[in-house]
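start.pdb, holding PDB, C-alpha atoms:
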ATOM      1  CA  MET A   8      44.108 -86.756  22.876
ATOM      2  CA  LEU A   9      42.469 -88.141  26.011
ATOM      3  CA  ASP A  10      40.350 -90.505  23.922
ATOM      4  CA  ASN A  11      43.504 -92.180  22.591
ATOM      5  CA  ILE A  12      44.823 -93.041  26.077
ATOM      6  CA  SER A  13      43.313 -96.164  27.605
ATOM      7  CA  TRP A  14      42.107 -96.290  31.200
ATOM      8  CA  PRO A  15      44.273 -99.297  32.150
ATOM      9  CA  LEU A  16      47.412 -97.575  30.858
ATOM     10  CA  LEU A  17      46.639 -94.406  32.815
ATOM     11  CA  ILE A  18      45.930 -96.336  36.002
ATOM     12  CA  ILE A  19      49.146 -98.357  35.712
ATOM     13  CA  LEU A  20      51.205 -95.221  35.011
ATOM     14  CA  ALA A  21      49.599 -93.299  37.869
ATOM     15  CA  ALA A  22      50.079 -96.121  40.351
ATOM     16  CA  GLY A  23      53.653 -96.741  39.251
ATOM     17  CA  LEU A  24      54.778 -93.131  39.316
ATOM     18  CA  ALA A  25      52.878 -92.358  42.520
ATOM     19  CA  VAL A  26      54.887 -94.921  44.507
ATOM     20  CA  ALA A  27      58.229 -94.583  42.657
ATOM     21  CA  PRO A  28      61.030 -95.231  43.615
ATOM     22  CA  TRP A  29      59.634 -97.962  45.822
ATOM     23  CA  PRO A  30      61.187 -99.968  47.503
ATOM     24  CA  MET A  31      64.468 -98.055  47.393
ATOM     25  CA  ALA A  32      63.364 -94.861  49.130
ATOM     26  CA  PRO A  33      61.618 -94.481  52.479
ATOM     27  CA  GLU A  34      58.800 -92.483  50.893
ATOM     28  CA  PRO A  35      57.540 -91.970  47.342
ATOM     29  CA  HIS A  36      58.826 -88.953  45.413
ATOM     30  CA  LEU A  37      55.289 -87.642  44.972
ATOM     31  CA  VAL A  38      54.694 -87.554  48.735
ATOM     32  CA  GLU A  39      58.089 -85.957  49.292
ATOM     33  CA  LYS A  40      57.503 -83.263  46.652
ATOM     34  CA  ILE A  41      53.990 -82.469  47.904
ATOM     35  CA  ARG A  42      55.425 -82.124  51.419
ATOM     36  CA  MET A  43      58.132 -79.800  50.071
ATOM     37  CA  LEU A  44      55.476 -77.762  48.243
ATOM     38  CA  SER A  45      53.369 -77.392  51.388
ATOM     39  CA  ASN A  46      56.453 -76.400  53.433
ATOM     40  CA  GLY A  47      57.547 -73.863  50.836
ATOM     41  CA  THR A  48      60.864 -75.625  50.145
ATOM     42  CA  LEU A  49      60.104 -76.743  46.579
ATOM     43  CA  ARG A  50      62.516 -74.387  44.823
ATOM     44  CA  LYS A  51      64.992 -76.368  42.740
ATOM     45  CA  PRO A  52      64.006 -76.865  39.088
ATOM     46  CA  ILE A  53      64.695 -80.612  39.334
ATOM     47  CA  ASP A  54      62.262 -80.898  42.256
ATOM     48  CA  ILE A  55      59.569 -78.989  40.357
ATOM     49  CA  PHE A  56      60.120 -81.214  37.319
ATOM     50  CA  ASP A  57      59.926 -84.303  39.560
ATOM     51  CA  LEU A  58      56.604 -83.130  41.010
ATOM     52  CA  LEU A  59      55.196 -82.548  37.519
ATOM     53  CA  LEU A  60      56.487 -85.905  36.263
ATOM     54  CA  HIS A  61      55.080 -87.958  39.126
ATOM     55  CA  SER A  62      51.725 -86.163  39.208
ATOM     56  CA  ALA A  63      51.085 -85.986  35.429
ATOM     57  CA  PRO A  64      49.266 -89.353  35.130
ATOM     58  CA  ILE A  65      46.979 -88.390  38.011
ATOM     59  CA  VAL A  66      46.147 -85.118  36.267
ATOM     60  CA  PHE A  67      45.380 -87.059  33.077
ATOM     61  CA  ILE A  68      43.087 -89.437  35.011
ATOM     62  CA  VAL A  69      41.159 -86.494  36.462
ATOM     63  CA  ALA A  70      40.869 -84.849  33.038
ATOM     64  CA  LYS A  71      39.768 -88.078  31.338
ATOM     65  CA  ALA A  72      37.249 -88.823  34.090
ATOM     66  CA  TRP A  73      35.837 -85.304  33.796
ATOM     67  CA  LYS A  74      35.558 -85.695  30.038
ATOM     68  CA  ASP A  75      34.041 -89.198  30.137
ATOM     69  CA  PHE A  76      31.814 -88.989  33.207
ATOM     70  CA  GLY A  77      31.389 -85.282  33.965
ATOM     71  CA  PRO A  78      28.503 -83.036  33.026
ATOM     72  CA  GLN A  79      27.611 -83.262  29.374
TER
END

Please render this file's structure as structure tokens.
Amino acid sequence: MLDNISWPLLIILAAGLAVAPWPMAPEPHLVEKIRMLSNGTLRKPIDIFDLLLHSAPIVFIVAKAWKDFGPQ
């Protein structure tokens, strides 16, 4: 599956979702949700879903990089 996803698409998705909903909010959702997770206040299902949604492309980049450039 990772072979079928291009690097440029992953980078654009990761950058876009990492800063969303810029410029309408004072801070990106990803930063807000990570802060909530570290404070122990990430409890609502919608907040957990939001964290997973905004961090998914970054997880895919890490997995694809590991697969393409990691130990053989």

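If only C-alpha atoms are the atoms counted, then among A:Leu44, A:Leu9, A:Ala21, A:Met31 the closest residue to Ala72 of chain A is A:Leu9.
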
All residues 10 Å or closer to His36 of chain A, only C-alpha atoms, same chain fewer than 5 positions away omitted, as number ranges by chain: A: 24-29, 41-42, 54, 57-58, 60-62

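Put simply, the PyMOL selection byres ((chain A and resi 12-19) around 9) in this file takes in Met8, Leu9, Asp10, Asn11, Leu20, Ala21, Ala22, Gly23, Leu24, Pro64, Ile65, Phe67, Ile68 and Lys71 of chain A.
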
Interatomic distance (Å, one decimal) between atom CA of Pro30 of chain A and atom CA of Leu49 of chain A: 23.3 Å

Length of the atom CA of Val66 of chain A to atom CA of Pro33 of chain A vector [Å]: 24.3 Å

Can you sort out segment 34-63 of chain A so it carries N, CA and C atoms, written as an mmCIF file, keeping the file's coordinate frame?
data_model
loop_
_atom_site.group_PDB
_atom_site.id
_atom_site.type_symbol
_atom_site.label_atom_id
_atom_site.label_comp_id
_atom_site.auth_asym_id
_atom_site.auth_seq_id
_atom_site.Cartn_x
_atom_site.Cartn_y
_atom_site.Cartn_z
ATOM 1 N N GLU A 34 60.115 -92.996 51.263
ATOM 2 C CA GLU A 34 58.800 -92.483 50.893
ATOM 3 C C GLU A 34 58.783 -92.169 49.398
ATOM 4 N N PRO A 35 57.626 -92.262 48.773
ATOM 5 C CA PRO A 35 57.540 -91.970 47.342
ATOM 6 C C PRO A 35 57.907 -90.517 47.035
ATOM 7 N N HIS A 36 58.457 -90.304 45.829
ATOM 8 C CA HIS A 36 58.826 -88.953 45.413
ATOM 9 C C HIS A 36 57.626 -88.013 45.439
ATOM 10 N N LEU A 37 56.466 -88.499 45.025
ATOM 11 C CA LEU A 37 55.289 -87.642 44.972
ATOM 12 C C LEU A 37 54.937 -87.115 46.359
ATOM 13 N N VAL A 38 54.980 -87.979 47.354
ATOM 14 C CA VAL A 38 54.694 -87.554 48.735
ATOM 15 C C VAL A 38 55.751 -86.550 49.199
ATOM 16 N N GLU A 39 57.000 -86.853 48.900
ATOM 17 C CA GLU A 39 58.089 -85.957 49.292
ATOM 18 C C GLU A 39 57.936 -84.579 48.645
ATOM 19 N N LYS A 40 57.615 -84.542 47.361
ATOM 20 C CA LYS A 40 57.503 -83.263 46.652
ATOM 21 C C LYS A 40 56.275 -82.476 47.103
ATOM 22 N N ILE A 41 55.183 -83.162 47.390
ATOM 23 C CA ILE A 41 53.990 -82.469 47.904
ATOM 24 C C ILE A 41 54.285 -81.883 49.285
ATOM 25 N N ARG A 42 55.031 -82.634 50.098
ATOM 26 C CA ARG A 42 55.425 -82.124 51.419
ATOM 27 C C ARG A 42 56.323 -80.895 51.257
ATOM 28 N N MET A 43 57.259 -80.955 50.322
ATOM 29 C CA MET A 43 58.132 -79.800 50.071
ATOM 30 C C MET A 43 57.314 -78.602 49.597
ATOM 31 N N LEU A 44 56.333 -78.838 48.738
ATOM 32 C CA LEU A 44 55.476 -77.762 48.243
ATOM 33 C C LEU A 44 54.697 -77.119 49.388
ATOM 34 N N SER A 45 54.149 -77.939 50.275
ATOM 35 C CA SER A 45 53.369 -77.392 51.388
ATOM 36 C C SER A 45 54.243 -76.669 52.401
ATOM 37 N N ASN A 46 55.526 -77.072 52.515
ATOM 38 C CA ASN A 46 56.453 -76.400 53.433
ATOM 39 C C ASN A 46 57.111 -75.176 52.818
ATOM 40 N N GLY A 47 56.940 -74.996 51.511
ATOM 41 C CA GLY A 47 57.547 -73.863 50.836
ATOM 42 C C GLY A 47 59.011 -74.074 50.484
ATOM 43 N N THR A 48 59.458 -75.343 50.454
ATOM 44 C CA THR A 48 60.864 -75.625 50.145
ATOM 45 C C THR A 48 61.046 -76.209 48.746
ATOM 46 N N LEU A 49 60.016 -76.225 47.953
ATOM 47 C CA LEU A 49 60.104 -76.743 46.579
ATOM 48 C C LEU A 49 60.607 -75.616 45.686
ATOM 49 N N ARG A 50 61.931 -75.515 45.542
ATOM 50 C CA ARG A 50 62.516 -74.387 44.823
ATOM 51 C C ARG A 50 63.406 -74.807 43.666
ATOM 52 N N LYS A 51 64.065 -75.939 43.788
ATOM 53 C CA LYS A 51 64.992 -76.368 42.740
ATOM 54 C C LYS A 51 64.204 -76.802 41.499
ATOM 55 N N PRO A 52 64.697 -76.457 40.312
ATOM 56 C CA PRO A 52 64.006 -76.865 39.088
ATOM 57 C C PRO A 52 63.834 -78.383 38.965
ATOM 58 N N ILE A 53 64.808 -79.159 39.429
ATOM 59 C CA ILE A 53 64.695 -80.612 39.334
ATOM 60 C C ILE A 53 63.561 -81.130 40.222
ATOM 61 N N ASP A 54 63.352 -80.497 41.368
ATOM 62 C CA ASP A 54 62.262 -80.898 42.256
ATOM 63 C C ASP A 54 60.905 -80.545 41.651
ATOM 64 N N ILE A 55 60.815 -79.391 41.015
ATOM 65 C CA ILE A 55 59.569 -78.989 40.357
ATOM 66 C C ILE A 55 59.268 -79.936 39.204
ATOM 67 N N PHE A 56 60.291 -80.263 38.409
ATOM 68 C CA PHE A 56 60.120 -81.214 37.319
ATOM 69 C C PHE A 56 59.673 -82.570 37.854
ATOM 70 N N ASP A 57 60.277 -83.022 38.950
ATOM 71 C CA ASP A 57 59.926 -84.303 39.560
ATOM 72 C C ASP A 57 58.466 -84.315 40.010
ATOM 73 N N LEU A 58 58.009 -83.230 40.608
ATOM 74 C CA LEU A 58 56.604 -83.130 41.010
ATOM 75 C C LEU A 58 55.687 -83.225 39.801
ATOM 76 N N LEU A 59 56.016 -82.509 38.732
ATOM 77 C CA LEU A 59 55.196 -82.548 37.519
ATOM 78 C C LEU A 59 55.207 -83.936 36.888
ATOM 79 N N LEU A 60 56.363 -84.578 36.852
ATOM 80 C CA LEU A 60 56.487 -85.905 36.263
ATOM 81 C C LEU A 60 55.652 -86.934 37.020
ATOM 82 N N HIS A 61 55.761 -86.944 38.329
ATOM 83 C CA HIS A 61 55.080 -87.958 39.126
ATOM 84 C C HIS A 61 53.586 -87.691 39.270
ATOM 85 N N SER A 62 53.151 -86.461 39.078
ATOM 86 C CA SER A 62 51.725 -86.163 39.208
ATOM 87 C C SER A 62 50.990 -86.112 37.862
ATOM 88 N N ALA A 63 51.714 -86.106 36.751
ATOM 89 C CA ALA A 63 51.085 -85.986 35.429
ATOM 90 C C ALA A 63 50.036 -87.064 35.152
#
